[in-house]
$ cat protein.tsv   # TSV, C-alpha atoms and all ligand atoms
chain	number	residue	atom	x	y	z
V	97	MET	CA	-3.09	15.67	-11.91
V	98	SER	CA	-0.55	17.89	-13.62
V	99	ALA	CA	-0.04	17.17	-17.28
V	100	GLN	CA	3.68	16.75	-16.74
V	101	PHE	CA	4.95	13.23	-16.15
V	102	ASP	CA	7.12	13.39	-13.06
V	103	HIS	CA	7.46	9.76	-12.03
V	104	GLU	CA	10.82	8.04	-11.98
V	105	GLN	CA	9.45	4.88	-13.55
V	106	VAL	CA	6.27	2.95	-14.07
V	107	VAL	CA	6.07	-0.78	-14.71
V	108	ILE	CA	2.94	-1.88	-16.55
V	109	ARG	CA	2.62	-5.50	-17.44
V	110	THR	CA	0.14	-8.24	-18.02
V	111	GLY	CA	0.74	-10.56	-15.07
V	112	LEU	CA	2.30	-13.77	-16.37
V	113	ARG	CA	0.22	-15.93	-14.05
V	114	SER	CA	-2.97	-13.90	-13.59
V	115	GLY	CA	-3.27	-12.23	-16.97
V	116	LEU	CA	-4.32	-9.09	-15.06
V	117	PRO	CA	-2.85	-5.60	-15.57
V	118	VAL	CA	-0.20	-5.07	-12.88
V	119	ILE	CA	0.96	-1.49	-12.47
V	120	VAL	CA	3.81	-0.35	-10.21
V	121	ALA	CA	4.40	3.39	-10.16
V	122	VAL	CA	7.62	4.63	-8.57
V	123	HIS	CA	7.13	8.34	-8.12
V	124	SER	CA	10.29	9.30	-6.26
V	125	THR	CA	13.27	7.71	-4.53
V	126	LYS	CA	14.86	11.06	-3.74
V	127	LEU	CA	14.49	10.61	0.03
V	128	GLY	CA	15.07	6.86	-0.08
V	129	GLN	CA	13.40	3.66	-1.18
V	130	ALA	CA	9.91	4.31	-2.55
V	131	VAL	CA	7.14	2.74	-0.45
V	132	GLY	CA	3.41	2.45	-0.96
V	133	GLY	CA	0.71	-0.14	-0.73
V	134	CYS	CA	-0.69	-2.59	-3.24
V	135	ARG	CA	-4.28	-1.93	-4.25
V	136	ILE	CA	-6.31	-4.74	-5.79
V	137	TRP	CA	-9.43	-3.10	-7.10
V	138	ARG	CA	-11.96	-3.19	-9.86
V	139	TYR	CA	-11.72	-0.62	-12.65
V	140	ALA	CA	-13.92	-0.15	-15.68
V	141	ASP	CA	-10.75	0.57	-17.69
V	142	TRP	CA	-7.20	-0.43	-16.71
V	143	ARG	CA	-6.14	3.14	-17.49
V	144	ASP	CA	-8.22	4.30	-14.54
V	145	GLY	CA	-6.04	1.98	-12.46
V	146	LEU	CA	-2.95	3.57	-14.00
V	147	ALA	CA	-4.26	7.05	-13.16
V	148	ASP	CA	-4.85	5.88	-9.59
V	149	ALA	CA	-1.34	4.43	-9.34
V	150	LEU	CA	0.20	7.67	-10.65
V	151	ARG	CA	-1.74	9.88	-8.24
V	152	LEU	CA	-1.44	7.58	-5.24
V	153	SER	CA	2.32	7.14	-5.68
V	154	ALA	CA	2.84	10.91	-5.82
V	155	GLY	CA	0.73	11.12	-2.67
V	156	MET	CA	3.06	8.63	-0.98
V	157	THR	CA	6.08	10.82	-1.78
V	158	ALA	CA	4.37	13.74	-0.04
V	159	LYS	CA	3.16	11.48	2.79
V	160	CYS	CA	6.67	10.24	3.57
V	161	ALA	CA	8.27	13.67	3.18
V	162	VAL	CA	5.83	15.44	5.52
V	163	ALA	CA	6.08	12.58	8.03
V	164	GLY	CA	9.86	13.06	8.07
V	165	LEU	CA	10.54	9.55	6.77
V	166	ALA	CA	13.64	8.79	4.71
V	167	ASN	CA	11.56	7.15	1.99
V	168	GLY	CA	10.00	8.05	-1.30
V	169	GLY	CA	6.65	7.24	-2.82
V	170	GLY	CA	5.30	4.45	-4.99
V	171	LYS	CA	2.13	2.43	-5.40
V	172	THR	CA	0.96	-0.80	-6.95
V	173	VAL	CA	-2.42	-1.28	-8.59
V	174	VAL	CA	-3.80	-4.55	-9.90
V	175	ALA	CA	-6.60	-3.32	-12.14
V	176	VAL	CA	-9.22	-6.06	-12.09
V	177	PRO	CA	-11.73	-5.69	-14.96
V	178	GLU	CA	-15.31	-5.37	-13.78
V	179	SER	CA	-16.25	-8.56	-15.59
V	180	THR	CA	-13.56	-10.68	-13.92
V	181	GLY	CA	-14.42	-12.74	-10.86
V	182	LEU	CA	-11.49	-12.71	-8.47
V	183	ASP	CA	-11.42	-16.08	-6.72
V	184	ALA	CA	-8.72	-17.23	-4.30
V	185	THR	CA	-6.62	-18.83	-7.07
V	186	LEU	CA	-6.61	-15.75	-9.28
V	187	ARG	CA	-5.86	-13.53	-6.27
V	188	ARG	CA	-2.83	-15.63	-5.38
V	189	ARG	CA	-1.62	-15.49	-8.98
V	190	ALA	CA	-2.07	-11.73	-9.01
V	191	LEU	CA	-0.06	-11.39	-5.79
V	192	GLU	CA	2.74	-13.50	-7.27
V	193	ASP	CA	2.72	-11.26	-10.33
V	194	VAL	CA	2.94	-8.22	-8.05
V	195	ALA	CA	5.88	-9.84	-6.25
V	196	ASP	CA	7.73	-10.36	-9.55
V	197	ALA	CA	7.09	-6.78	-10.64
V	198	VAL	CA	8.35	-5.49	-7.27
V	199	ALA	CA	11.41	-7.79	-7.42
V	200	SER	CA	12.22	-6.50	-10.93
V	201	LEU	CA	12.68	-3.03	-9.44
V	202	ASP	CA	15.60	-4.30	-7.39
V	203	GLY	CA	14.83	-2.45	-4.17
V	204	ALA	CA	13.84	0.90	-5.67
V	205	TYR	CA	10.35	0.21	-4.31
V	206	ALA	CA	8.81	-1.83	-1.51
V	207	THR	CA	5.12	-2.60	-1.29
V	208	GLY	CA	2.67	-2.95	1.58
V	209	PRO	CA	-1.06	-3.36	2.18
V	210	ASP	CA	-3.69	-1.01	0.82
V	211	VAL	CA	-7.36	-1.06	-0.15
V	212	GLY	CA	-8.15	-4.67	-1.10
V	213	THR	CA	-5.05	-6.33	0.39
V	214	THR	CA	-4.16	-7.75	3.81
V	215	PRO	CA	-1.06	-8.74	5.81
V	216	GLN	CA	-1.65	-12.34	4.63
V	217	ASP	CA	-1.37	-11.09	1.07
V	218	MET	CA	1.93	-9.45	2.00
V	219	ALA	CA	3.16	-12.85	3.19
V	220	VAL	CA	2.36	-14.27	-0.26
V	221	ILE	CA	4.29	-11.42	-1.91
V	222	GLY	CA	7.07	-12.05	0.61
V	223	GLU	CA	7.57	-15.57	-0.75
V	224	ARG	CA	9.17	-14.02	-3.82
V	225	THR	CA	10.62	-10.67	-2.71
V	226	ALA	CA	12.01	-9.16	0.49
V	227	HIS	CA	10.69	-5.72	-0.51
V	228	VAL	CA	7.38	-5.94	1.30
V	229	PHE	CA	6.10	-4.43	4.55
V	230	CYS	CA	3.37	-5.49	6.96
V	231	LYS	CA	3.59	-9.25	6.70
V	232	PRO	CA	1.86	-10.85	9.69
V	233	GLU	CA	3.98	-10.69	12.84
V	234	GLU	CA	4.56	-14.44	12.83
V	235	TRP	CA	6.19	-13.98	9.43
V	236	GLY	CA	8.49	-11.25	10.70
V	237	GLY	CA	6.46	-8.22	9.59
V	238	SER	CA	4.72	-5.48	11.55
V	239	GLY	CA	1.26	-6.84	10.69
V	240	ASP	CA	-1.90	-4.87	10.01
V	241	SER	CA	-1.15	-1.18	9.48
V	242	SER	CA	-4.75	0.01	9.90
V	243	PRO	CA	-4.74	0.41	13.71
V	244	ALA	CA	-1.80	2.82	13.35
V	245	THR	CA	-3.47	4.67	10.47
V	246	ALA	CA	-6.58	5.07	12.64
V	247	LEU	CA	-4.52	6.28	15.59
V	248	GLY	CA	-2.69	8.80	13.40
V	249	THR	CA	-5.97	10.13	12.04
V	250	LEU	CA	-7.25	10.50	15.60
V	251	ALA	CA	-4.14	12.59	16.34
V	252	ALA	CA	-4.87	14.76	13.28
V	253	LEU	CA	-8.47	15.18	14.45
V	254	ARG	CA	-7.25	16.40	17.84
V	255	ALA	CA	-5.25	19.15	16.18
V	256	VAL	CA	-8.28	20.14	14.11
V	257	ARG	CA	-10.52	20.12	17.18
V	258	GLN	CA	-8.01	22.28	19.02
V	259	ARG	CA	-8.12	24.72	16.17
V	260	LEU	CA	-11.93	24.80	15.93
V	261	HIS	CA	-12.79	24.55	19.56
V	262	GLY	CA	-9.72	25.55	21.57
V	263	ALA	CA	-9.34	22.09	23.15
V	264	SER	CA	-8.14	18.84	21.64
V	265	THR	CA	-10.63	16.49	23.27
V	266	LEU	CA	-13.06	14.86	20.88
V	267	THR	CA	-15.63	14.22	23.58
V	268	GLY	CA	-18.89	15.74	22.39
V	269	ALA	CA	-17.48	16.59	18.97
V	270	HIS	CA	-19.87	15.95	16.13
V	271	LEU	CA	-18.21	13.90	13.39
V	272	SER	CA	-19.24	12.07	10.26
V	273	VAL	CA	-17.09	9.06	9.34
V	274	VAL	CA	-17.65	8.13	5.70
V	275	GLY	CA	-16.43	4.56	5.14
V	276	LEU	CA	-16.23	1.75	7.69
V	277	GLY	CA	-13.41	-0.28	6.14
V	278	SER	CA	-10.46	-1.50	8.15
V	279	VAL	CA	-9.28	2.03	9.00
V	280	GLY	CA	-12.66	3.76	9.18
V	281	LEU	CA	-14.16	1.23	11.56
V	282	ARG	CA	-11.16	1.31	13.90
V	283	LEU	CA	-11.18	5.07	13.89
V	284	ALA	CA	-14.92	5.17	14.60
V	285	ARG	CA	-14.31	2.87	17.58
V	286	LEU	CA	-11.60	5.16	18.96
V	287	LEU	CA	-13.87	8.16	18.51
V	288	ALA	CA	-16.85	6.42	20.11
V	289	ALA	CA	-14.67	5.42	23.06
V	290	GLU	CA	-13.80	9.07	23.53
V	291	GLY	CA	-17.43	10.10	23.56
V	292	ALA	CA	-17.68	11.73	20.13
V	293	ASP	CA	-21.12	12.13	18.61
V	294	LEU	CA	-20.90	10.03	15.44
V	295	LEU	CA	-22.63	9.67	12.10
V	296	VAL	CA	-21.32	6.69	10.13
V	297	SER	CA	-21.87	5.49	6.58
V	298	ASP	CA	-20.59	2.98	4.05
V	299	ILE	CA	-21.48	1.99	0.50
V	300	ASP	CA	-21.96	-1.56	1.85
V	301	PRO	CA	-25.36	-1.68	3.60
V	302	ALA	CA	-24.17	-4.76	5.54
V	303	LYS	CA	-21.98	-2.40	7.60
V	304	ARG	CA	-25.11	-0.86	9.06
V	305	LYS	CA	-25.02	-3.15	12.08
V	306	ARG	CA	-21.74	-1.53	13.10
V	307	ALA	CA	-23.56	1.71	13.80
V	308	GLY	CA	-25.41	0.05	16.67
V	309	GLU	CA	-22.21	-1.34	18.19
V	310	LEU	CA	-20.67	2.11	18.01
V	311	GLY	CA	-23.67	3.93	19.42
V	312	ALA	CA	-23.58	5.94	16.18
V	313	THR	CA	-26.26	7.08	13.76
V	314	TRP	CA	-26.26	5.33	10.38
V	315	VAL	CA	-26.78	7.50	7.28
V	316	ALA	CA	-26.38	7.05	3.52
V	317	PRO	CA	-22.84	7.90	2.25
V	318	ASP	CA	-24.08	11.02	0.41
V	319	GLU	CA	-25.82	12.23	3.51
V	320	GLY	CA	-22.73	11.51	5.58
V	321	LEU	CA	-20.66	13.67	3.26
V	322	THR	CA	-22.88	16.72	3.50
V	323	ALA	CA	-24.01	16.31	7.12
V	324	ASP	CA	-24.09	19.23	9.51
V	325	VAL	CA	-21.14	18.19	11.67
V	326	ASP	CA	-18.00	19.77	13.09
V	327	ILE	CA	-15.60	17.49	11.23
V	328	LEU	CA	-16.08	15.34	8.16
V	329	VAL	CA	-13.84	12.25	8.11
V	330	PRO	CA	-13.43	10.69	4.63
V	331	ALA	CA	-12.31	7.11	5.27
V	332	ALA	CA	-13.12	5.30	2.04
V	333	LEU	CA	-11.94	5.70	-1.54
V	334	GLY	CA	-10.64	8.93	-3.04
V	335	GLY	CA	-12.19	11.63	-5.18
V	336	VAL	CA	-15.12	12.41	-2.83
V	337	LEU	CA	-14.40	16.12	-2.58
V	338	THR	CA	-15.57	17.47	-5.90
V	339	GLU	CA	-16.26	20.98	-7.13
V	340	GLN	CA	-19.98	20.08	-7.07
V	341	VAL	CA	-20.04	18.86	-3.50
V	342	VAL	CA	-18.13	21.76	-1.92
V	343	PRO	CA	-21.10	24.20	-1.93
V	344	GLU	CA	-23.20	21.52	-0.18
V	345	LEU	CA	-20.82	20.88	2.68
V	346	LEU	CA	-21.96	21.91	6.16
V	347	CYS	CA	-18.90	20.82	8.13
V	348	SER	CA	-16.30	23.20	9.57
V	349	ALA	CA	-13.32	20.98	8.82
V	350	ILE	CA	-12.32	17.82	6.95
V	351	ALA	CA	-9.64	15.37	8.05
V	352	GLY	CA	-9.56	11.67	7.25
V	353	PRO	CA	-7.39	8.77	6.14
V	354	ALA	CA	-8.80	8.19	2.62
V	355	ASN	CA	-6.06	8.78	0.06
V	356	ASN	CA	-6.59	11.31	-2.77
V	357	GLN	CA	-9.75	12.91	-1.35
V	358	LEU	CA	-9.73	15.87	-3.73
V	359	ALA	CA	-11.19	15.21	-7.17
V	360	THR	CA	-8.88	17.95	-8.48
V	361	PRO	CA	-6.21	19.99	-6.66
V	362	ASP	CA	-8.17	23.29	-6.93
V	363	VAL	CA	-10.87	21.88	-4.64
V	364	ALA	CA	-8.47	22.78	-1.80
V	365	ASP	CA	-8.92	26.47	-2.71
V	366	LEU	CA	-12.70	26.14	-2.97
V	367	LEU	CA	-12.80	24.62	0.52
V	368	HIS	CA	-10.57	27.35	1.85
V	369	ARG	CA	-12.80	30.04	0.36
V	370	ARG	CA	-15.78	28.46	2.08
V	371	GLY	CA	-13.86	28.64	5.36
V	372	ILE	CA	-13.60	24.84	5.64
V	373	VAL	CA	-10.29	23.61	7.06
V	374	TRP	CA	-9.03	20.69	4.95
V	375	VAL	CA	-6.14	18.65	6.30
V	376	PRO	CA	-4.35	16.96	3.39
V	377	ASP	CA	-5.10	13.21	3.40
V	378	TYR	CA	-1.44	12.35	3.09
V	379	VAL	CA	-0.78	14.11	6.40
V	380	ALA	CA	-3.74	12.69	8.34
V	381	GLY	CA	-3.36	9.17	6.94
V	382	ALA	CA	0.37	8.65	7.46
V	383	GLY	CA	0.10	6.57	10.64
V	384	GLY	CA	0.24	3.15	8.94
V	385	VAL	CA	3.35	3.81	6.95
V	386	ILE	CA	5.04	5.60	9.88
V	387	ASN	CA	4.38	2.59	12.10
V	388	ALA	CA	5.54	0.00	9.55
V	389	LEU	CA	8.75	1.82	8.70
V	390	THR	CA	9.59	2.69	12.31
V	391	VAL	CA	9.25	-0.95	13.34
V	392	GLU	CA	10.55	-2.76	10.26
V	393	LEU	CA	13.24	-0.43	8.89
V	394	HIS	CA	14.39	1.38	12.00
V	395	HIS	CA	13.78	-1.49	14.44
V	396	GLY	CA	11.91	0.82	16.80
V	397	THR	CA	9.70	-0.54	19.55
V	398	ALA	CA	5.92	-0.49	19.34
V	399	GLN	CA	5.96	2.35	21.84
V	400	GLU	CA	8.40	4.43	19.76
V	401	ALA	CA	6.27	3.82	16.69
V	402	ARG	CA	3.15	4.90	18.56
V	403	LYS	CA	4.85	8.12	19.63
V	404	ARG	CA	5.81	8.91	16.06
V	405	VAL	CA	2.27	8.22	14.90
V	406	GLU	CA	0.80	10.42	17.61
V	407	ALA	CA	3.18	13.20	16.58
V	408	ILE	CA	0.86	13.70	13.59
V	409	GLU	CA	-1.08	15.95	15.98
V	410	HIS	CA	1.86	18.37	16.10
V	411	THR	CA	2.50	18.11	12.39
V	412	VAL	CA	-1.11	19.10	11.67
V	413	ALA	CA	-1.08	21.86	14.30
V	414	ASP	CA	2.12	23.28	12.77
V	415	LEU	CA	0.70	23.11	9.26
V	416	LEU	CA	-2.52	24.87	10.23
V	417	HIS	CA	-0.46	27.51	11.96
V	418	ALA	CA	1.87	27.94	8.98
V	419	ALA	CA	-1.11	28.15	6.63
V	420	ASP	CA	-2.65	30.95	8.70
V	421	HIS	CA	0.61	32.75	9.03
V	422	GLN	CA	1.38	32.66	5.31
V	423	GLN	CA	-2.25	33.09	4.30
V	424	VAL	CA	-2.24	29.94	2.20
V	425	THR	CA	-4.34	26.76	2.33
V	426	PRO	CA	-3.17	23.89	4.56
V	427	ALA	CA	-2.74	21.96	1.29
V	428	GLU	CA	-0.29	24.57	0.06
V	429	ALA	CA	1.55	24.67	3.39
V	430	ALA	CA	1.87	20.86	3.37
V	431	SER	CA	3.05	20.78	-0.21
V	432	GLN	CA	5.67	23.47	0.56
V	433	LEU	CA	6.90	21.44	3.54
V	434	ALA	CA	7.16	18.28	1.41
V	435	GLN	CA	9.00	20.22	-1.29
V	436	ARG	CA	11.43	21.73	1.22
V	437	ARG	CA	12.26	18.27	2.54
V	438	LEU	CA	12.75	16.94	-0.98
V	439	ASP	CA	14.91	19.92	-1.93
V	440	THR	CA	17.24	19.63	1.02
V	441	VAL	CA	18.46	16.19	-0.01
V	442	LEU	CA	22.01	16.52	-1.18
V	443	SER	CA	22.33	15.02	-4.60
V	444	VAL	CA	25.47	13.06	-3.93
V	445	PRO	CA	26.35	10.78	-6.80
V	446	ALA	CA	26.30	7.11	-5.85
V	447	ALA	CA	29.71	5.64	-5.02
V	448	PRO	CA	31.16	3.69	-7.92
V	501	LIG	N1	-1.69	1.86	2.44
V	501	LIG	C1	-0.61	2.56	3.06
V	501	LIG	C2	-0.76	4.05	2.81
V	501	LIG	O1	-1.52	4.50	1.98
V	501	LIG	C3	0.67	2.11	2.49
V	501	LIG	C4	1.60	1.38	3.36
V	501	LIG	C5	1.34	1.05	4.66
V	501	LIG	C6	2.81	1.06	2.83
V	501	LIG	C7	2.29	0.43	5.41
V	501	LIG	C8	3.76	0.42	3.57
V	501	LIG	C9	3.47	0.11	4.85
V	501	LIG	O2	-0.11	4.84	3.45
$ encode --input "protein.tsv" --output "structure tokens" --more "lines below"
Ligand code: PHE
Amino acid sequence: MSAQFDHEQVVIRTGLRSGLPVIVAVHSTKLGQAVGGCRIWRYADWRDGLADALRLSAGMTAKCAVAGLANGGGKTVVAVPESTGLDATLRRRALEDVADAVASLDGAYATGPDVGTTPQDMAVIGERTAHVFCKPEEWGGSGDSSPATALGTLAALRAVRQRLHGASTLTGAHLSVVGLGSVGLRLARLLAAEGADLLVSDIDPAKRKRAGELGATWVAPDEGLTADVDILVPAALGGVLTEQVVPELLCSAIAGPANNQLATPDVADLLHRRGIVWVPDYVAGAGGVINALTVELHHGTAQEARKRVEAIEHTVADLLHAADHQQVTPAEAASQLAQRRLDTVLSVPAAP
């Protein structure tokens, strides 16, 4: 993270009902209302939750800009102390606290699901504020965003495969999916259906039985990360691509939906120097937010939303091409594209 604070505003409060630290980071509203999910997660120190919120919200600004959405980036983190048991009552209180924090921002930011939250949780938030995406369909929302995130990542993987192999089919491709959460598992199913050769892993050993269903090989997460595969697919929490792990990697490319995969930004250069193609997470993982906004804000049909999600394939292909052409990393090409989109907004003063 750069040392310079470049967020528009950050709300940090002790939730009135839950007593938990509730953090809402609004990175940018330059392109429109800031959007980004609500993460309920355990942190050893609430400041780690703040650091996550700051990084993840900046990532959402880039995610929306590259996806061509008229929205900015934000993120909510409820930083649950490691010693606190989160039962159903405390969870509900935390969600109500999140709703109040979101409502206090008066529309500058709208939340959605993320690691640790579900469409049902969005319905709870929706009892107190309209600024929430992905409520269950019966409550008027677009529901679970993970199928669209998985589909968008599949599109990104096609572009990578095309680049590595000269054809976009994933049949026979050797991939390692690290993390079988709601997005990772769906993505693994799509890949298995297409005949990819899969290694799968998760920090939760109970997920092992999924490997059998998928016809995949189960490995430990560390092994999954450094496996000799064509494409590594990080689909769990961030920070997995560290300076230490780069020399150990045996894959040719990395593209996955996990947010904030790089431990530090310069890991993108290390990967590039090793000849490993890294597709920025905020490009590959944009399917969920693209789907939710297309359906809920722009009243598009499911089919229109699907088309926009699948267009991630072209976005990635264009970025890889631009990176080659300009002799920069795909990370740099993506960041330049995001910056161009942010710079072309006319700063028209709001009408009185
Ligand atoms: N968790 C989603 C992401 O990281 C955030 C999101 C999804 C926000 C859908 C709004 C709607 O992109």
$ residues_near_ligand --input "protein.tsv" --ligand "ligand LIG 501 (chain V)" --cutoff "9 Å" --atoms "all atoms listed in the file" --output "NGL selection string"
:V and (131-135 or 152-153 or 155-156 or 159-160 or 170-171 or 206-211 or 228-230 or 238 or 240-242 or 245 or 353-355 or 378 or 381-389)
$ closest_residue --input "protein.tsv" --among "V:Leu283, V:Val220, V:Ala184, V:Ile327" --to "Leu271 in chain V" --atoms "all atoms listed in the file"
V:Ile327
$ residues_near_point --input "protein.tsv" --point "(-5.0, 9.1, -5.9)" --cutoff "6 Å" --atoms "all atoms listed in the file" --output "ChimeraX atom specification"
/V:148,151-152,356
$ atom_distance --input "protein.tsv" --atom1 "CA of Ala130 in chain V" --atom2 "CA of Ala219 in chain V"
19.3 Å
$ closest_residue --input "protein.tsv" --among "V:Glu234, V:Thr267, V:Arg304, V:Val256" --to "Ala289 in chain V" --atoms "all atoms listed in the file"
V:Thr267
$ residues_around --input "protein.tsv" --residues "Ser179 in chain V" --least-positions-apart "4" --cutoff "10 Å" --atoms "only C-alpha atoms" --output "list of chain:residue names"
V:Arg138, V:Tyr139, V:Ala140
$ residues_around --input "protein.tsv" --residues "Leu253 in chain V" --least-positions-apart "2" --cutoff "9 Å" --atoms "all atoms listed in the file" --output "VMD selection string"
chain V and resid 248 to 251 255 to 258 264 266 327 329 350 to 352 380 409 412
$ atom_distance --input "protein.tsv" --atom1 "CA of Val173 in chain V" --atom2 "CA of Val198 in chain V"
11.6 Å
